[in-house]
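Below: the structure, in structure tokens.
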Amino acid sequence: MIKLASPHISDHAIEKVGEILRSGNLVQGEYVRAFETQLEEYLKIDHVVVVSSGTAALHLSMVALGIGPGDEVIVPAFTFPATANAVALVGAKPVFVDINLDDFCINPALIDAAITPMTKAIMPVHEFGQSADMDPILEIARKHELFVIEDAACALGTEFQGKKAGTLGDLGCFSFHPRKAITTGEGGVVATNDSGLARKISALRNHGMENNMRKIDFPYAGFNYRMTEFQAVLGIYQLRDLEKFIDQRTMQAKAYDDMFIEAEWISTPKIFPDRRHVYQTYHLIVERNYSRDNIIKTLKKKGIETNIGAYFVPATKYYSENSSFLGTLFKNSKQSFLNGIALPVGTHLSAMDIKKIANKLISCAE
Ligand SMILES: *Cc1c(COP(=O)(O)O)cnc(C)c1O
């Protein structure tokens, strides 16, 4: 079976994880801080707080910004449900906006109409490792004095006009789940240039605790969203390989693009000259009269694992019962969900595998 994704963890990293496990210093030591410093350098940002998951990063962002009951946050209708869940979990209302079909990210032209006096923030998602169109989003946010929280869970290394995704808004959230380009098992990070927010998030991650000149106090009701030392050291080794992983994914994406040129029923991901796509997921759209589910089943029989790319969140059970979006069509989000397929990419695949996957998919049309 060719797997959709499979993390690549070096023997070196495994050795180092073992060393930490044997040392007994499992939490709150030097490796979490070292991982943070390296991420700050990589992202070219002032502050980074590593946490236990991408969802924890999103949740902490909401809490740190004081978003809660009575507030609204604008989110794309096509994403992983964790984006909207972070908003719902603090008692605020996610307001769904449709996406563009060319980047699978929120359509900035539709944001203005979704803004109400209750709107507090816009949460664009850099879906599949492609950057959202950030210029108009930041412009709208400035105009209406809204926060921008980037869900960059899939987008470590993604760039918009030469700047790293996740560093353009007030807060950027990343994930280190095994499906992402680098992994710590479970893990996440919040990035920001705001030292006040960084301090608050750092306290909220650790029971709300602050340590001022050795005087410990608890100014917030916090969580335990800490990352362990052995996860952080794994992250340090993974980060060293990140650019290599991205280069390989980019080559694989190019190979898929080339192989699908003749297949008119397949739309491949668009390349924008001012954005860097890291292909956390290679997501394509098949024409309406092809059943995505049948294609996934057929490929599985041929030994290839593929998957749904992301979800049409307003139609999931929770949001269809707990939010009103009647009257909005979300045409592109629906189509991306119903006709979207994620193909395998990653270090576990050879050039031959990519050819085989592409050929088997093309033969689904026959
Ligand atoms: C993976 C993902 C998340 C959640 O990250 P976890 O680390 O699994 O909690 C959130 N948003 C998006 C867009 C994701 O792809």
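Ordering of the structure tokens sets the chain letters (A, B, ...); residue numbers start at 1 within each chain; ligands are numbered from 1 in the order shown.
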For ligand 1, collect every residue having any atom at a distance of at most 7 Å from a ligand atom (counting only C-alpha atoms and all ligand atoms); output as a PyMOL selection string. chain A and resi 53-56+79-80+82-83+125+127+151-154+175-177+186-188
Write a file of the selected residues as a PDB file, in the first residue's frame, keeping C-alpha atoms.
```
ATOM      1  CA  SER A  53      -1.025  20.785  19.254  1.00  0.00           C
ATOM      2  CA  GLY A  54      -2.119  23.061  16.435  1.00  0.00           C
ATOM      3  CA  THR A  55      -5.588  23.140  17.974  1.00  0.00           C
ATOM      4  CA  ALA A  56      -4.091  24.247  21.310  1.00  0.00           C
ATOM      5  CA  THR A  79     -10.914  23.796   6.083  1.00  0.00           C
ATOM      6  CA  PHE A  80     -10.276  21.282   8.827  1.00  0.00           C
ATOM      7  CA  ALA A  82     -10.340  22.659  14.148  1.00  0.00           C
ATOM      8  CA  THR A  83     -10.299  26.204  12.708  1.00  0.00           C
ATOM      9  CA  VAL A 125      -6.283  29.327   6.624  1.00  0.00           C
ATOM     10  CA  GLU A 127      -4.933  25.590   3.090  1.00  0.00           C
ATOM     11  CA  ASP A 151      -4.247  29.148  10.728  1.00  0.00           C
ATOM     12  CA  ALA A 152      -0.907  28.107   9.269  1.00  0.00           C
ATOM     13  CA  ALA A 153      -1.240  24.514  10.539  1.00  0.00           C
ATOM     14  CA  CYS A 154      -0.335  23.194   7.062  1.00  0.00           C
ATOM     15  CA  SER A 175       0.794  22.189  13.749  1.00  0.00           C
ATOM     16  CA  PHE A 176       3.327  19.352  14.065  1.00  0.00           C
ATOM     17  CA  HIS A 177       0.819  16.523  13.627  1.00  0.00           C
ATOM     18  CA  GLU A 186       1.445  15.950  18.469  1.00  0.00           C
ATOM     19  CA  GLY A 187       2.541  19.556  18.720  1.00  0.00           C
ATOM     20  CA  GLY A 188       1.971  23.113  17.662  1.00  0.00           C
TER      21      GLY A 188
END
```
Tell me which protein, DNA and RNA residues are within 12 Å of Ile295 of chain A, counting only C-alpha atoms, leaving out same-chain ones fewer than 4 positions away, and put them as an NGL selection string. :A and (285-287 or 289-291 or 299-302 or 304-308 or 338-343 or 357 or 360-366)
Mind dumping a table of every segment 130-242 of chain A residue within 12 Å of segment 68-78 of chain A, with the nearest atom pair and its distance in Å to one decimal, using only C-alpha atoms, sorted by chain and rising number, as a tab-separated table?
```
residue	atom	partner	partner_atom	distance
A:Ala132	CA	A:Pro76	CA	10.5
A:Ile137	CA	A:Ile74	CA	10.9
A:Ile140	CA	A:Ile74	CA	11.8
A:Ala141	CA	A:Ile74	CA	10.8
A:Leu146	CA	A:Val73	CA	9.3
A:Phe147	CA	A:Val73	CA	9.2
A:Val148	CA	A:Val73	CA	9.6
A:Ile149	CA	A:Val73	CA	9.7
A:Glu150	CA	A:Val75	CA	10.1
A:Asp151	CA	A:Val75	CA	9.6
```
Write out as a PyMOL selection string each polymer residue whose atoms come within 12 Å of Thr192 of chain A, counting only C-alpha atoms; drop sequence neighbours fewer than 4 positions from it. chain A and resi 36+39-40+43-50+57+61+64+148-150+164-174+196-202
Shortest contact to Pro136 of chain A, candidates A:Gln161, A:Ser52, A:Thr183, A:Asn107, atoms counted only C-alpha atoms, goes to A:Asn107
What are the closest atom pairs, with distances in Å to one decimal, for all residues of segment 93-139 of chain A lying within 9 Å of segment 272-280 of chain A? Consider only C-alpha atoms, order rows by chain and residue number, and present the result as JSON lines.
```
{"residue": "A:Asp103", "atom": "CA", "partner": "A:Phe272", "partner_atom": "CA", "distance": 8.8}
{"residue": "A:Glu127", "atom": "CA", "partner": "A:Gln280", "partner_atom": "CA", "distance": 8.7}
{"residue": "A:Phe128", "atom": "CA", "partner": "A:Gln280", "partner_atom": "CA", "distance": 5.3}
{"residue": "A:Gly129", "atom": "CA", "partner": "A:Val278", "partner_atom": "CA", "distance": 5.0}
{"residue": "A:Gln130", "atom": "CA", "partner": "A:His277", "partner_atom": "CA", "distance": 4.5}
{"residue": "A:Ser131", "atom": "CA", "partner": "A:Arg275", "partner_atom": "CA", "distance": 6.5}
{"residue": "A:Ala132", "atom": "CA", "partner": "A:Arg275", "partner_atom": "CA", "distance": 8.9}
{"residue": "A:Asp133", "atom": "CA", "partner": "A:Arg275", "partner_atom": "CA", "distance": 8.9}
```
Give me, as a Markdown table, each residue of segment 24-118 of chain A that comes within 6 Å of segment 229-237 of chain A, together with its shortest interatomic pair and the distance in Å at one decimal, counting only C-alpha atoms, with rows ordered by chain and rising residue number.
```
| residue | atom | partner | partner_atom | distance |
| --- | --- | --- | --- | --- |
| A:Leu26 | CA | A:Glu229 | CA | 5.1 |
| A:Val27 | CA | A:Glu229 | CA | 5.1 |
| A:Tyr31 | CA | A:Glu229 | CA | 5.6 |
| A:Val32 | CA | A:Ala232 | CA | 5.1 |
| A:Phe35 | CA | A:Ile236 | CA | 5.5 |
```
What are the DSSP helix (DSSP H, G or I) residues of segment 265-366 of chain A, as a ChimeraX atom specification? /A:292-301,313-315,317-322,331-339,351-363
Ranking A:Met259, A:Ile67, A:Cys105, A:Ala181 by minimum distance to Ala310 of chain A and counting only C-alpha atoms, which one comes first?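 Using only C-alpha atoms, Ala310 of chain A sits closest to A:Cys105.
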When distances are computed from only C-alpha atoms, which of A:Ile266, A:Ala113, A:Ala358, A:Leu349 shows the smallest separation from Leu284 of chain A?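 Checking each of A:Ile266, A:Ala113, A:Ala358, A:Leu349 against Leu284 of chain A, counting only C-alpha atoms, the winner is A:Ile266.
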